[in-house]
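Peer 1: Structure supplied as target_29.pdb; contents: PDB, C-alpha atoms and all ligand atoms.
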```
ATOM      1  CA  MET A   1      13.639 137.431  -4.451
ATOM      2  CA  ALA A   2      12.091 136.872  -7.844
ATOM      3  CA  VAL A   3      11.977 133.243  -8.832
ATOM      4  CA  THR A   4      10.836 132.617 -12.373
ATOM      5  CA  SER A   5       8.302 129.902 -13.085
ATOM      6  CA  LEU A   6       9.409 126.338 -13.665
ATOM      7  CA  VAL A   7       7.926 126.131 -17.152
ATOM      8  CA  ALA A   8       9.460 129.399 -18.253
ATOM      9  CA  LEU A   9      13.011 128.075 -18.280
ATOM     10  CA  PRO A  10      14.971 129.612 -21.120
ATOM     11  CA  ALA A  11      15.857 127.205 -23.910
ATOM     12  CA  ARG A  12      19.465 126.132 -23.563
ATOM     13  CA  ALA A  13      21.953 125.821 -26.350
ATOM     14  CA  ALA A  14      23.260 122.289 -26.792
ATOM     15  CA  GLY A  15      26.086 121.581 -24.374
ATOM     16  CA  ALA A  16      25.982 125.100 -22.972
ATOM     17  CA  HIS A  17      27.554 124.306 -19.626
ATOM     18  CA  SER A  18      28.593 127.898 -19.033
ATOM     19  CA  LYS A  19      25.081 129.347 -19.301
ATOM     20  CA  ASP A  20      24.042 131.009 -16.049
ATOM     21  CA  PRO A  21      21.154 129.169 -14.422
ATOM     22  CA  SER A  22      18.342 131.642 -13.842
ATOM     23  CA  ASN A  23      16.516 130.285 -10.830
ATOM     24  CA  LEU A  24      16.947 128.034  -7.821
ATOM     25  CA  THR A  25      15.305 124.986  -9.380
ATOM     26  CA  GLU A  26      17.596 125.190 -12.351
ATOM     27  CA  LEU A  27      20.542 125.855 -10.068
ATOM     28  CA  ARG A  28      19.809 122.696  -8.120
ATOM     29  CA  LYS A  29      19.457 120.711 -11.339
ATOM     30  CA  GLU A  30      22.752 122.048 -12.619
ATOM     31  CA  ALA A  31      24.524 121.307  -9.343
ATOM     32  CA  GLU A  32      22.906 117.869  -9.190
ATOM     33  CA  LYS A  33      24.083 117.105 -12.724
ATOM     34  CA  SER A  34      27.611 118.227 -12.005
ATOM     35  CA  ALA A  35      27.713 116.195  -8.802
ATOM     36  CA  LYS A  36      26.391 113.142 -10.668
ATOM     37  CA  GLU A  37      29.110 113.445 -13.305
ATOM     38  CA  LEU A  38      31.758 113.771 -10.658
ATOM     39  CA  GLU A  39      30.323 110.837  -8.774
ATOM     40  CA  GLU A  40      30.413 108.632 -11.873
ATOM     41  CA  ALA A  41      33.915 109.791 -12.730
ATOM     42  CA  THR A  42      35.033 109.080  -9.184
ATOM     43  CA  ARG A  43      33.600 105.570  -9.328
ATOM     44  CA  ALA A  44      35.483 105.012 -12.588
ATOM     45  CA  LEU A  45      38.575 106.447 -10.946
ATOM     46  CA  GLU A  46      38.290 104.062  -8.012
ATOM     47  CA  LYS A  47      37.794 101.127 -10.353
ATOM     48  CA  ARG A  48      40.840 102.181 -12.365
ATOM     49  CA  ARG A  49      42.858 102.625  -9.208
ATOM     50  CA  ALA A  50      41.862  99.128  -8.058
ATOM     51  CA  SER A  51      42.751  97.581 -11.405
ATOM     52  CA  ILE A  52      46.131  99.320 -11.411
ATOM     53  CA  ALA A  53      46.738  97.961  -7.914
ATOM     54  CA  THR A  54      45.845  94.436  -9.102
ATOM     55  CA  SER A  55      48.078  94.874 -12.105
ATOM     56  CA  GLU A  56      50.942  96.077  -9.907
ATOM     57  CA  LYS A  57      50.511  92.990  -7.757
ATOM     58  CA  GLU A  58      50.613  90.833 -10.889
ATOM     59  CA  LEU A  59      53.752  92.654 -11.977
ATOM     60  CA  LYS A  60      55.373  91.957  -8.634
ATOM     61  CA  THR A  61      54.489  88.259  -8.908
ATOM     62  CA  LYS A  62      55.990  88.152 -12.387
ATOM     63  CA  LEU A  63      59.158  89.892 -11.260
ATOM     64  CA  ASP A  64      59.429  87.473  -8.336
ATOM     65  CA  GLY A  65      58.913  84.597 -10.779
ATOM     66  CA  LEU A  66      61.575  86.058 -13.025
ATOM     67  CA  HIS A  67      64.018  86.244 -10.164
ATOM     68  CA  GLN A  68      63.289  82.633  -9.166
ATOM     69  CA  ALA A  69      63.698  81.460 -12.768
ATOM     70  CA  GLU A  70      67.037  83.204 -13.040
ATOM     71  CA  LEU A  71      68.223  81.595  -9.819
ATOM     72  CA  ARG A  72      67.181  78.126 -11.037
ATOM     73  CA  LEU A  73      68.830  78.801 -14.356
ATOM     74  CA  GLN A  74      72.067  79.553 -12.548
ATOM     75  CA  GLN A  75      71.753  76.362 -10.513
ATOM     76  CA  MET A  76      71.043  74.328 -13.652
ATOM     77  CA  ARG A  77      74.050  75.676 -15.449
ATOM     78  CA  GLN A  78      76.255  74.670 -12.556
ATOM     79  CA  PRO A  79      75.743  70.849 -12.766
ATOM     80  CA  VAL A  80      76.054  70.889 -16.556
ATOM     81  CA  SER A  81      79.515  72.353 -16.327
ATOM     82  CA  GLU A  82      80.389  70.022 -13.464
ATOM     83  CA  MET A  83      79.155  67.014 -15.447
ATOM     84  CA  ALA A  84      81.167  68.046 -18.478
ATOM     85  CA  GLU A  85      84.214  68.182 -16.286
ATOM     86  CA  LEU A  86      83.404  64.810 -14.778
ATOM     87  CA  LEU A  87      82.999  63.216 -18.203
ATOM     88  CA  TYR A  88      86.284  64.679 -19.310
ATOM     89  CA  GLN A  89      88.073  63.326 -16.235
ATOM     90  CA  GLN A  90      86.567  59.824 -16.470
ATOM     91  CA  PRO A  91      86.597  58.962 -20.143
ATOM     92  CA  VAL A  92      85.230  55.513 -20.980
ATOM     93  CA  GLY A  93      87.565  54.293 -23.607
ATOM     94  CA  ALA A  94      87.121  51.653 -26.346
ATOM     95  CA  ASP A  95      88.818  49.182 -24.015
ATOM     96  CA  GLY A  96      86.016  49.344 -21.524
ATOM     97  CA  VAL A  97      83.331  48.907 -24.137
ATOM     98  CA  ALA A  98      85.241  46.072 -25.815
ATOM     99  CA  SER A  99      85.718  44.134 -22.604
ATOM    100  CA  PHE A 100      82.069  44.754 -21.730
ATOM    101  CA  LEU A 101      80.997  43.304 -25.099
ATOM    102  CA  ALA A 102      83.409  40.376 -24.627
ATOM    103  CA  GLY A 103      81.664  39.507 -21.378
ATOM    104  CA  ASP A 104      84.714  39.940 -19.226
ATOM    105  CA  ALA A 105      84.099  43.439 -18.033
ATOM    106  CA  ASN A 106      85.250  43.915 -14.482
ATOM    107  CA  GLN A 107      83.287  45.696 -11.723
ATOM    108  CA  ASP A 108      85.025  49.031 -12.324
ATOM    109  CA  THR A 109      84.205  49.078 -16.001
ATOM    110  CA  LEU A 110      80.572  48.227 -15.309
ATOM    111  CA  ARG A 111      80.298  50.948 -12.676
ATOM    112  CA  SER A 112      81.968  53.398 -15.018
ATOM    113  CA  MET A 113      79.532  52.506 -17.837
ATOM    114  CA  ALA A 114      76.550  52.947 -15.520
ATOM    115  CA  ASN A 115      77.910  56.297 -14.354
ATOM    116  CA  VAL A 116      78.317  57.511 -17.891
ATOM    117  CA  THR A 117      74.766  56.506 -18.822
ATOM    118  CA  GLN A 118      73.433  58.279 -15.738
ATOM    119  CA  ILE A 119      75.581  61.333 -16.346
ATOM    120  CA  VAL A 120      74.524  61.568 -19.986
ATOM    121  CA  ARG A 121      70.868  61.224 -19.016
ATOM    122  CA  ASP A 122      71.220  63.859 -16.286
ATOM    123  CA  ARG A 123      73.025  66.180 -18.575
ATOM    124  CA  GLN A 124      70.417  65.835 -21.295
ATOM    125  CA  TYR A 125      67.682  66.533 -18.773
ATOM    126  CA  ALA A 126      69.542  69.566 -17.418
ATOM    127  CA  VAL A 127      70.043  70.966 -20.887
ATOM    128  CA  GLU A 128      66.327  70.595 -21.674
ATOM    129  CA  GLN A 129      65.359  72.171 -18.371
ATOM    130  CA  THR A 130      67.743  75.024 -18.932
ATOM    131  CA  ALA A 131      66.273  75.766 -22.347
ATOM    132  CA  THR A 132      62.713  75.745 -20.933
ATOM    133  CA  LEU A 133      63.753  77.964 -18.075
ATOM    134  CA  ALA A 134      65.509  80.366 -20.401
ATOM    135  CA  ARG A 135      62.330  80.611 -22.499
ATOM    136  CA  ASP A 136      60.220  81.194 -19.352
ATOM    137  CA  THR A 137      62.601  83.869 -18.165
ATOM    138  CA  GLN A 138      62.420  85.695 -21.459
ATOM    139  CA  ARG A 139      58.606  85.493 -21.535
ATOM    140  CA  LEU A 140      58.301  86.726 -17.955
ATOM    141  CA  ALA A 141      60.648  89.631 -18.634
ATOM    142  CA  SER A 142      58.678  90.832 -21.656
ATOM    143  CA  GLU A 143      55.331  90.392 -19.857
ATOM    144  CA  ALA A 144      56.604  92.413 -16.921
ATOM    145  CA  GLN A 145      57.775  95.169 -19.225
ATOM    146  CA  GLU A 146      54.412  95.294 -20.996
ATOM    147  CA  LEU A 147      52.550  95.394 -17.704
ATOM    148  CA  ARG A 148      54.704  98.216 -16.413
ATOM    149  CA  ALA A 149      54.120 100.262 -19.584
ATOM    150  CA  ASP A 150      50.334  99.655 -19.336
ATOM    151  CA  ASN A 151      50.282 100.809 -15.734
ATOM    152  CA  LEU A 152      52.245 103.970 -16.474
ATOM    153  CA  LEU A 153      49.822 104.806 -19.278
ATOM    154  CA  ALA A 154      46.784 104.175 -17.067
ATOM    155  CA  GLU A 155      48.203 106.419 -14.345
ATOM    156  CA  ALA A 156      48.842 109.218 -16.830
ATOM    157  CA  GLN A 157      45.308 108.928 -18.252
ATOM    158  CA  MET A 158      43.885 109.011 -14.756
ATOM    159  CA  SER A 159      45.651 112.224 -13.786
ATOM    160  CA  ALA A 160      44.570 113.828 -17.076
ATOM    161  CA  GLU A 161      40.966 112.869 -16.298
ATOM    162  CA  ILE A 162      41.203 114.382 -12.829
ATOM    163  CA  ASP A 163      42.434 117.632 -14.416
ATOM    164  CA  THR A 164      39.499 117.683 -16.827
ATOM    165  CA  LEU A 165      37.064 117.039 -13.987
ATOM    166  CA  ARG A 166      38.598 119.802 -11.911
ATOM    167  CA  ARG A 167      38.285 122.329 -14.723
ATOM    168  CA  ARG A 168      34.698 121.352 -15.493
ATOM    169  CA  SER A 169      33.672 121.460 -11.844
ATOM    170  CA  ASP A 170      35.402 124.824 -11.296
ATOM    171  CA  LYS A 171      33.371 126.225 -14.155
ATOM    172  CA  VAL A 172      30.074 124.926 -12.768
ATOM    173  CA  VAL A 173      30.816 126.244  -9.264
ATOM    174  CA  LYS A 174      31.716 129.668 -10.648
ATOM    175  CA  SER A 175      28.573 129.863 -12.729
ATOM    176  CA  LEU A 176      26.357 128.655  -9.865
ATOM    177  CA  THR A 177      27.922 131.111  -7.434
ATOM    178  CA  ALA A 178      27.541 133.968  -9.882
ATOM    179  CA  ALA A 179      23.901 133.018 -10.407
ATOM    180  CA  LEU A 180      23.212 133.018  -6.661
ATOM    181  CA  VAL A 181      24.777 136.455  -6.318
ATOM    182  CA  LYS A 182      22.629 137.637  -9.221
ATOM    183  CA  LEU A 183      19.591 136.353  -7.350
ATOM    184  CA  GLY A 184      20.592 138.692  -4.523
ATOM    185  CA  ILE A 185      21.887 136.033  -2.125
ATOM    186  CA  LYS A 186      25.025 136.767  -0.137
ATOM    187  CA  ILE A 187      26.907 133.521   0.344
ATOM    188  CA  ASP A 188      29.641 134.577   2.710
ATOM    189  CA  LYS A 189      27.750 136.578   5.292
ATOM    190  CA  VAL A 190      27.693 134.825   8.678
ATOM    191  CA  GLY A 191      24.571 135.117  10.790
ATOM    192  CA  THR A 192      24.335 136.285  14.394
ATOM    193  CA  ALA A 193      24.013 134.110  17.506
ATOM    194  CA  ALA A 194      23.550 130.356  17.539
ATOM    195  CA  LEU A 195      20.758 130.416  20.060
ATOM    196  CA  LYS A 196      18.746 132.896  18.049
ATOM    197  CA  CYS A 197      18.562 130.305  15.324
ATOM    198  CA  ASN A 198      15.111 129.927  13.817
ATOM    199  CA  PRO A 199      14.265 126.268  13.054
ATOM    200  CA  LEU A 200      11.953 127.468  10.290
ATOM    201  CA  ARG A 201      15.082 128.021   8.245
ATOM    202  CA  ILE A 202      15.384 124.258   7.715
ATOM    203  CA  ALA A 203      12.847 124.138   4.919
ATOM    204  CA  THR A 204      14.403 127.129   3.208
ATOM    205  CA  ALA A 205      17.900 125.690   3.527
ATOM    206  CA  ASN A 206      16.658 122.436   2.005
ATOM    207  CA  SER A 207      15.687 124.175  -1.218
ATOM    208  CA  TYR A 208      19.311 125.071  -1.930
ATOM    209  CA  PRO A 209      21.834 122.853  -3.694
ATOM    210  CA  ASN A 210      24.414 120.992  -1.608
ATOM    211  CA  GLY A 211      27.241 123.389  -0.758
ATOM    212  CA  LEU A 212      25.366 126.488  -1.954
ATOM    213  CA  ILE A 213      23.219 127.264   1.065
ATOM    214  CA  PRO A 214      23.434 130.996   1.794
ATOM    215  CA  SER A 215      24.815 131.704   5.258
ATOM    216  CA  SER A 216      21.670 133.627   6.164
ATOM    217  CA  MET A 217      19.815 130.298   5.897
ATOM    218  CA  LEU A 218      22.252 128.537   8.223
ATOM    219  CA  CYS A 219      22.771 128.940  11.947
ATOM    220  CA  PRO A 220      26.162 129.823  13.407
ATOM    221  CA  LEU A 221      27.647 127.631  16.149
ATOM    222  CA  GLN A 222      29.244 128.909  19.333
ATOM    223  CA  GLN A 223      32.481 127.739  17.744
ATOM    224  CA  ARG A 224      33.511 130.809  15.749
ATOM    225  CA  GLY A 225      33.296 130.684  11.993
ATOM    226  CA  HIS A 226      31.244 127.487  11.830
ATOM    227  CA  SER A 227      27.588 127.039  10.966
ATOM    228  CA  LEU A 228      25.045 124.255  10.357
ATOM    229  CA  ARG A 229      21.478 123.781   9.214
ATOM    230  CA  ALA A 230      19.125 125.160  11.897
ATOM    231  CA  ASP A 231      18.027 121.848  13.473
ATOM    232  CA  ALA A 232      21.580 120.426  13.427
ATOM    233  CA  ALA A 233      22.923 123.646  14.955
ATOM    234  CA  ILE A 234      20.353 123.673  17.750
ATOM    235  CA  ALA A 235      21.087 120.007  18.536
ATOM    236  CA  PHE A 236      24.817 120.687  18.435
ATOM    237  CA  VAL A 237      24.537 123.553  20.908
ATOM    238  CA  SER A 238      22.848 121.135  23.372
ATOM    239  CA  LEU A 239      25.439 118.418  22.718
ATOM    240  CA  ASN A 240      28.160 121.023  23.234
ATOM    241  CA  GLU A 241      26.644 121.968  26.592
ATOM    242  CA  ALA A 242      26.690 118.316  27.776
ATOM    243  CA  TYR A 243      30.280 117.940  26.547
ATOM    244  CA  ARG A 244      31.288 121.108  28.395
ATOM    245  CA  ARG A 245      29.789 119.739  31.624
ATOM    246  CA  ARG A 246      31.836 116.533  31.234
ATOM    247  CA  PHE A 247      35.169 117.900  30.001
ATOM    248  CA  GLY A 248      35.116 121.522  31.160
ATOM    249  CA  ARG A 249      35.584 122.840  27.642
ATOM    250  CA  GLN A 250      33.629 123.221  24.406
ATOM    251  CA  ILE A 251      33.697 120.687  21.597
ATOM    252  CA  CYS A 252      36.564 121.541  19.244
ATOM    253  CA  VAL A 253      35.285 121.988  15.665
ATOM    254  CA  THR A 254      37.523 121.878  12.587
ATOM    255  CA  ASP A 255      34.792 122.029   9.986
ATOM    256  CA  ALA A 256      30.997 122.173   9.845
ATOM    257  CA  TYR A 257      28.993 123.455   6.865
ATOM    258  CA  ARG A 258      31.265 123.361   3.840
ATOM    259  CA  SER A 259      30.600 125.344   0.662
ATOM    260  CA  LEU A 260      30.817 123.608  -2.699
ATOM    261  CA  ALA A 261      34.102 125.411  -3.385
ATOM    262  CA  ALA A 262      35.521 124.181  -0.058
ATOM    263  CA  GLN A 263      34.261 120.645  -0.787
ATOM    264  CA  GLN A 264      36.076 120.825  -4.106
ATOM    265  CA  SER A 265      39.357 121.802  -2.557
ATOM    266  CA  VAL A 266      39.105 118.909  -0.072
ATOM    267  CA  TYR A 267      38.037 116.523  -2.835
ATOM    268  CA  TYR A 268      40.905 117.379  -5.148
ATOM    269  CA  ARG A 269      43.437 116.912  -2.405
ATOM    270  CA  ARG A 270      42.231 113.316  -2.057
ATOM    271  CA  PRO A 271      39.977 112.360  -5.018
ATOM    272  CA  GLY A 272      38.209 109.102  -4.380
ATOM    273  CA  PHE A 273      38.635 109.438  -0.619
ATOM    274  CA  ALA A 274      36.726 112.626   0.252
ATOM    275  CA  ALA A 275      33.032 112.826  -0.697
ATOM    276  CA  VAL A 276      32.300 114.010  -4.231
ATOM    277  CA  PRO A 277      31.614 117.792  -4.221
ATOM    278  CA  GLY A 278      27.855 118.270  -4.062
ATOM    279  CA  ARG A 279      27.414 114.983  -2.188
ATOM    280  CA  SER A 280      28.974 115.661   1.187
ATOM    281  CA  ASN A 281      26.780 116.022   4.265
ATOM    282  CA  HIS A 282      28.996 118.988   5.113
ATOM    283  CA  GLY A 283      27.382 120.739   2.132
ATOM    284  CA  LEU A 284      23.936 120.192   3.675
ATOM    285  CA  GLY A 285      25.079 121.654   6.992
ATOM    286  CA  LEU A 286      24.540 118.254   8.630
ATOM    287  CA  ALA A 287      28.104 117.150   9.411
ATOM    288  CA  VAL A 288      30.985 118.315  11.585
ATOM    289  CA  ASP A 289      34.666 117.395  11.754
ATOM    290  CA  LEU A 290      35.833 117.489  15.356
ATOM    291  CA  CYS A 291      39.153 117.925  17.155
ATOM    292  CA  GLY A 292      40.282 118.237  20.773
ATOM    293  CA  GLY A 293      40.560 114.450  21.229
ATOM    294  CA  VAL A 294      37.422 113.275  19.392
ATOM    295  CA  GLU A 295      39.508 112.912  16.233
ATOM    296  CA  ARG A 296      41.438 110.040  17.870
ATOM    297  CA  PHE A 297      39.590 106.715  17.652
ATOM    298  CA  ARG A 298      38.771 105.325  21.129
ATOM    299  CA  SER A 299      40.043 108.395  22.998
ATOM    300  CA  VAL A 300      38.059 109.361  26.122
ATOM    301  CA  GLU A 301      36.376 112.119  24.100
ATOM    302  CA  PHE A 302      35.557 109.808  21.179
ATOM    303  CA  VAL A 303      34.058 107.170  23.464
ATOM    304  CA  TRP A 304      32.017 109.819  25.297
ATOM    305  CA  MET A 305      30.670 111.015  21.941
ATOM    306  CA  GLU A 306      29.812 107.441  20.933
ATOM    307  CA  GLN A 307      27.858 107.019  24.172
ATOM    308  CA  ASN A 308      26.137 110.408  24.315
ATOM    309  CA  ALA A 309      25.898 112.129  20.918
ATOM    310  CA  LYS A 310      22.926 110.028  19.740
ATOM    311  CA  ARG A 311      20.751 111.564  22.465
ATOM    312  CA  TYR A 312      21.172 114.811  20.572
ATOM    313  CA  GLY A 313      20.669 113.349  17.098
ATOM    314  CA  TRP A 314      24.406 113.199  16.367
ATOM    315  CA  PHE A 315      26.188 109.979  15.405
ATOM    316  CA  HIS A 316      29.372 108.565  13.886
ATOM    317  CA  PRO A 317      28.383 107.012  10.524
ATOM    318  CA  ASP A 318      29.318 103.364   9.904
ATOM    319  CA  TRP A 319      31.512 104.149   6.897
ATOM    320  CA  ALA A 320      33.656 106.547   8.949
ATOM    321  CA  TYR A 321      34.855 103.600  11.064
ATOM    322  CA  SER A 322      36.719 102.174   8.102
ATOM    323  CA  SER A 323      36.400 103.581   4.591
ATOM    324  CA  PRO A 324      37.697 106.140   4.798
ATOM    325  CA  PHE A 325      38.629 105.988   8.473
ATOM    326  CA  GLU A 326      37.465 109.374   9.800
ATOM    327  CA  PRO A 327      36.953 109.286  13.581
ATOM    328  CA  TRP A 328      36.562 113.099  13.512
ATOM    329  CA  HIS A 329      33.505 113.035  11.211
ATOM    330  CA  TRP A 330      30.065 113.183  12.890
ATOM    331  CA  GLU A 331      26.646 113.639  11.349
ATOM    332  CA  TYR A 332      23.248 114.846  12.384
ATOM    333  CA  ASP A 333      20.078 112.922  11.616
ATOM    334  CA  PRO A 334      16.801 114.498  12.743
ATOM    335  CA  LYS A 335      15.211 111.033  12.728
ATOM    336  CA  ILE A 336      17.421 109.780  15.543
ATOM    337  CA  ASP A 337      15.552 109.838  18.848
ATOM    338  CA  SER A 338      16.437 113.096  20.455
ATOM    339  CA  ILE A 339      15.866 114.332  23.953
ATOM    340  CA  LEU A 340      15.167 117.791  22.541
TER
HETATM  341 ZN    ZN A 401      33.796 115.350   7.614
END
```
Can the structure in the file be given as structure tokens, please?
Ligand SMILES: [Zn+2]
Peer 2:
Amino acid sequence: MAVTSLVALPARAAGAHSKDPSNLTELRKEAEKSAKELEEATRALEKRRASIATSEKELKTKLDGLHQAELRLQQMRQPVSEMAELLYQQPVGADGVASFLAGDANQDTLRSMANVTQIVRDRQYAVEQTATLARDTQRLASEAQELRADNLLAEAQMSAEIDTLRRRSDKVVKSLTAALVKLGIKIDKVGTAALKCNPLRIATANSYPNGLIPSSMLCPLQQRGHSLRADAAIAFVSLNEAYRRRFGRQICVTDAYRSLAAQQSVYYRRPGFAAVPGRSNHGLGLAVDLCGGVERFRSVEFVWMEQNAKRYGWFHPDWAYSSPFEPWHWEYDPKIDSIL
């Protein structure tokens, strides 16, 4: 294939995203740029999602507070009405006060006077408390409303941003794919047999952007329809053989190499959870998603893989144990000590 020189890149119009890249180097740059944008946007998305979650929690606290305040308000109003009733039923007349002033107040009058003083003080206190509580309730209610409106707005903005990202990324993928086809590379053609895989393809595969490795540069697995980078494929065939000896069947594969378009469709089903398109190890032909038991954490198959896969350069990455939890996801690292 004809690859134009690095320095002879055509001048690009400002902001011309749709311009077809004309060689592999430029293709990689374009793909890299698009992946970087998506990565940044995803980070922003995650931050936004976290802040909305915090805000929702705050809203819940406020609503709980509001409920508590309303309950207390109800309780406060109760004694005030009871006290009013009590005062009405036990009026302290001029007689009582007069005899008190004259120094011949009897026990009952004194007790009655003391009760009145206490009742008046209690009532005053209750009235003040009620007013404060009523103010608090009103403040909490309006804060909660504001918070809810803010959150709704943030959610709407977020989904609009995801739409924009999707459109932009679609455009880049289309233009990159078209450019590859123009360069004479067939993307969808699957190669022949796994064991005929030539490890020299690794270097060639590495010169392609993530998710845009032509199938002729990858090696097919024994599992139909799946392929990986040459070294990963060869190691997987050996791992598969060991697995077959132990379980009497081949490793079940859901997904191996994933094109950029396929990465996109996974990403947009769960933005912020799946790897950003152009960043996934599936796009390098260095990751597999497994089934047949391995996908269940701590199953016999999973544990066997944990104990044996490393001998073949395959491992379960640390992140996949928790965020996101993906027991089915395994990766190949040529640096891991291999018995091959
Ligand atoms: Zn995966």
Peer 1: Please identify all protein, DNA and RNA residues within 6 Å of ligand ZN 401 (chain A), counting all atoms listed in the file, and report them as a ChimeraX atom specification.
Peer 2: /A:288-289,329
Peer 1: With all atoms listed in the file as the counted atoms, please give the residues lying no more than 12 Å from Val266 in chain A, apart from itself and same-chain residues fewer than 4 positions off, as a PyMOL selection string.
Peer 2: chain A and resi 166+255+258-262+270-278+280+282
Peer 1: Between CA of Val294 in chain A and CA of Pro327 in chain A, what is the spacing in Å?
Peer 2: 7.1 Å
Peer 1: Go ahead and compute the interatomic distance for CA of Arg249 in chain A and CA of Gly211 in chain A, in Å to one decimal.
Peer 2: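 Rounded to one decimal, the two atoms are 29.6 Å apart.
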Peer 1: Between A:Ala242, A:Ser299, A:Ala205, A:Ser34, which one has atoms that come closest to Lys171 in chain A, using all atoms listed in the file?
Peer 2: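 Distance minimum relative to Lys171 in chain A lands on A:Ser34.
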Peer 1: Pick out the closest residue to Gln145 in chain A from this set: A:Leu63, A:Val253, A:Leu165, A:Met305. Count only C-alpha atoms.
Peer 2: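 Of A:Leu63, A:Val253, A:Leu165, A:Met305, the one nearest Gln145 in chain A is A:Leu63, counting only C-alpha atoms.
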Peer 1: Measure the distance from CA of Glu39 in chain A to CA of Arg279 in chain A in Å and round it to one decimal.
Peer 2: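 Interatomic distance, CA of Glu39 in chain A to CA of Arg279 in chain A: 8.3 Å.
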Peer 1: Nearest residue to Gln307 in chain A out of A:Asp231, A:Thr117, A:Tyr257, A:Tyr243, using all atoms listed in the file?
Peer 2: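 The shortest atom-to-atom distance to Gln307 in chain A comes from A:Tyr243.
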Peer 1: Compare A:Arg43, A:Lys57, A:Arg121, A:His67 by their minimum atom-to-atom distance to Gln138 in chain A, counting only C-alpha atoms, and give me the closest one.
Peer 2: A:His67
Peer 1: Find the residue from A:Ala160, A:Leu290, A:Leu73, A:Val300 that sits nearest to Thr130 in chain A; use all atoms listed in the file when measuring.
Peer 2: A:Leu73
Peer 1: Quick test: take range 212-216 of chain A, keep all heavy atoms, and write it as a PDB file, in the first residue's frame.
Peer 2:
```pdb
ATOM      1  N   LEU A 212      -9.099  -0.327  14.907  1.00  0.00           N
ATOM      2  CA  LEU A 212      -9.087  -0.247  13.449  1.00  0.00           C
ATOM      3  C   LEU A 212      -8.010  -1.151  12.845  1.00  0.00           C
ATOM      4  O   LEU A 212      -7.449  -0.866  11.805  1.00  0.00           O
ATOM      5  CB  LEU A 212      -8.884   1.208  13.006  1.00  0.00           C
ATOM      6  CG  LEU A 212     -10.065   2.140  13.311  1.00  0.00           C
ATOM      7  CD1 LEU A 212      -9.713   3.586  13.031  1.00  0.00           C
ATOM      8  CD2 LEU A 212     -11.293   1.746  12.501  1.00  0.00           C
ATOM      9  N   ILE A 213      -7.732  -2.242  13.546  1.00  0.00           N
ATOM     10  CA  ILE A 213      -6.751  -3.196  13.030  1.00  0.00           C
ATOM     11  C   ILE A 213      -7.444  -4.063  11.983  1.00  0.00           C
ATOM     12  O   ILE A 213      -8.479  -4.662  12.256  1.00  0.00           O
ATOM     13  CB  ILE A 213      -6.203  -4.090  14.164  1.00  0.00           C
ATOM     14  CG1 ILE A 213      -5.672  -3.232  15.315  1.00  0.00           C
ATOM     15  CG2 ILE A 213      -5.102  -5.011  13.627  1.00  0.00           C
ATOM     16  CD1 ILE A 213      -5.239  -4.035  16.536  1.00  0.00           C
ATOM     17  N   PRO A 214      -6.917  -4.110  10.757  1.00  0.00           N
ATOM     18  CA  PRO A 214      -7.557  -4.938   9.740  1.00  0.00           C
ATOM     19  C   PRO A 214      -7.501  -6.416  10.137  1.00  0.00           C
ATOM     20  O   PRO A 214      -6.517  -6.840  10.764  1.00  0.00           O
ATOM     21  CB  PRO A 214      -6.718  -4.691   8.479  1.00  0.00           C
ATOM     22  CG  PRO A 214      -5.585  -3.843   8.873  1.00  0.00           C
ATOM     23  CD  PRO A 214      -5.707  -3.440  10.294  1.00  0.00           C
ATOM     24  N   SER A 215      -8.533  -7.160   9.786  1.00  0.00           N
ATOM     25  CA  SER A 215      -8.590  -8.555  10.247  1.00  0.00           C
ATOM     26  C   SER A 215      -7.432  -9.378   9.701  1.00  0.00           C
ATOM     27  O   SER A 215      -7.027 -10.365  10.313  1.00  0.00           O
ATOM     28  CB  SER A 215      -9.929  -9.182   9.901  1.00  0.00           C
ATOM     29  OG  SER A 215     -10.268  -8.877   8.581  1.00  0.00           O
ATOM     30  N   SER A 216      -6.889  -8.968   8.555  1.00  0.00           N
ATOM     31  CA  SER A 216      -5.764  -9.721   7.996  1.00  0.00           C
ATOM     32  C   SER A 216      -4.516  -9.593   8.870  1.00  0.00           C
ATOM     33  O   SER A 216      -3.581 -10.360   8.752  1.00  0.00           O
ATOM     34  CB  SER A 216      -5.455  -9.219   6.589  1.00  0.00           C
ATOM     35  OG  SER A 216      -5.115  -7.854   6.642  1.00  0.00           O
TER      36      SER A 216
END
```
